Each structure stands twice: as C-alpha cells, then as structure tokens.
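Student: Take a look at this one; I'll ask things after.
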Amino acid sequence: MSSQNKNELKKKLVFALTMGVITTGIISFSLIVINLGFSNNFIQVWLKSWLLAYILVIPAILFIAPPIEKFVHNHFDN
C-alpha cells in the first residue's frame, strides 16, 4: 500500500470517527429530549444511547459511505 493510499485511509477513518461523534451526539440528545425530556437520569440515558449509536454508526459510515459516494460521483460528475 502506498503512502498516499495510507494517508487517504487515515483521512477517511478520522472523518468517520469525527462525523460519528457529532451526528450521534446531536441525534441521540434530540431524540431523548423529545421522548423523555430532561429527567433526573438524563445524562446517563443520553451517554448510554450515544455510545450505542456511535458503535452502530461507525461501521455504517466506513462501509456504506464509499458505495454511496461512488454512486453520487458517477451520476453527478459529468
């Protein structure tokens, strides 16, 4: 694997991890506020939900995003 390919892989991994933290944090926070409100154990419930969402979304970003990106580029790069 060339150093350029390794660098691209590192960029994609950092992107996935960062996007995962931000998006799962926002969505889990919002949905818990909507469904449960600010209860006494809000932080515990939110952090547990955030962690579970994060664990689920990282593989999705890493494995689903590349084919979607390819599809978009093939259909809109003319």
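Within each chain, counting starts at residue 1; across the structure tokens, chains are named A, B, ... in the order shown, with ligands numbered 1 upward in that order.
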As a PyMOL selection string, please: the residues near segment 60-69 of chain A (cut-off 12 Å, only C-alpha atoms, same-chain neighbours under 6 positions excluded).

Tutor: chain A and resi 9-21+23-24+53-54+75-77

Student: Just the selected residues (N, CA and C atoms), exported as a short mmCIF file (atom, residue, chain, number, x, y, z; two decimals), in the first residue's frame, please.

Tutor:
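part.cif, written as the output of this step:
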```cif
data_model
loop_
_atom_site.label_atom_id
_atom_site.label_comp_id
_atom_site.auth_asym_id
_atom_site.auth_seq_id
_atom_site.Cartn_x
_atom_site.Cartn_y
_atom_site.Cartn_z
N LEU A 9 -6.68 6.56 3.60
CA LEU A 9 -7.38 5.69 4.55
C LEU A 9 -7.46 6.35 5.93
N LYS A 10 -6.37 6.98 6.36
CA LYS A 10 -6.36 7.69 7.64
C LYS A 10 -7.37 8.83 7.62
N LYS A 11 -7.41 9.58 6.53
CA LYS A 11 -8.37 10.68 6.40
C LYS A 11 -9.80 10.19 6.52
N LYS A 12 -10.11 9.09 5.83
CA LYS A 12 -11.46 8.54 5.87
C LYS A 12 -11.82 8.04 7.27
N LEU A 13 -10.86 7.44 7.95
CA LEU A 13 -11.11 6.95 9.30
C LEU A 13 -11.35 8.10 10.27
N VAL A 14 -10.52 9.13 10.20
CA VAL A 14 -10.70 10.30 11.07
C VAL A 14 -12.02 10.98 10.76
N PHE A 15 -12.37 11.09 9.48
CA PHE A 15 -13.65 11.67 9.09
C PHE A 15 -14.80 10.87 9.69
N ALA A 16 -14.77 9.54 9.54
CA ALA A 16 -15.84 8.68 10.05
C ALA A 16 -15.98 8.80 11.56
N LEU A 17 -14.86 8.77 12.27
CA LEU A 17 -14.91 8.86 13.72
C LEU A 17 -15.44 10.21 14.18
N THR A 18 -15.02 11.27 13.52
CA THR A 18 -15.46 12.62 13.89
C THR A 18 -16.94 12.82 13.56
N MET A 19 -17.34 12.45 12.36
CA MET A 19 -18.75 12.57 11.98
C MET A 19 -19.63 11.71 12.87
N GLY A 20 -19.14 10.54 13.24
CA GLY A 20 -19.90 9.66 14.12
C GLY A 20 -20.15 10.29 15.47
N VAL A 21 -19.13 10.89 16.06
CA VAL A 21 -19.29 11.55 17.37
C VAL A 21 -20.30 12.68 17.29
N THR A 23 -22.65 13.50 14.84
CA THR A 23 -24.02 13.19 14.42
C THR A 23 -24.76 12.35 15.46
N THR A 24 -24.10 11.34 16.02
CA THR A 24 -24.79 10.52 17.01
C THR A 24 -25.06 11.30 18.29
N ALA A 53 -25.27 4.22 19.74
CA ALA A 53 -25.42 4.79 18.40
C ALA A 53 -24.07 4.92 17.71
N TYR A 54 -23.06 5.34 18.46
CA TYR A 54 -21.71 5.52 17.90
C TYR A 54 -21.14 4.18 17.43
N HIS A 75 -23.12 9.66 -10.98
CA HIS A 75 -24.34 10.25 -11.52
C HIS A 75 -24.32 11.77 -11.63
N PHE A 76 -23.39 12.41 -10.94
CA PHE A 76 -23.37 13.87 -10.97
C PHE A 76 -22.08 14.48 -11.50
N ASP A 77 -21.06 13.69 -11.71
CA ASP A 77 -19.80 14.21 -12.29
C ASP A 77 -19.81 13.99 -13.80
#
```

Student: Using only C-alpha atoms, which residue out of A:Asn7, A:Val57, A:Val72, A:Phe42 lies closest to Phe29 of chain A?

Tutor: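 For Phe29 of chain A, the nearest of the given residues is A:Phe42.
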
Student: Looking at A:Ser3, A:His73, A:Ile26, A:Glu8, which one is nearest to Ser49 of chain A, with distances taken over only C-alpha atoms?

Tutor: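 Under the stated criterion, the closest residue is A:Ile26.
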
Student: In Å, with one decimal, what is the gap from atom CA of Lys70 of chain A to atom CA of Met1 of chain A?

Tutor: 21.1 Å

Student: To one decimal place, how far is atom CA of Pro59 of chain A from atom CA of Val45 of chain A in Å?

Tutor: 22.6 Å

Student: By how many Å are atom CA of Ile55 of chain A and atom CA of Ser30 of chain A apart?

Tutor: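 One can read the atom CA of Ile55 of chain A to atom CA of Ser30 of chain A distance as 18.1 Å.
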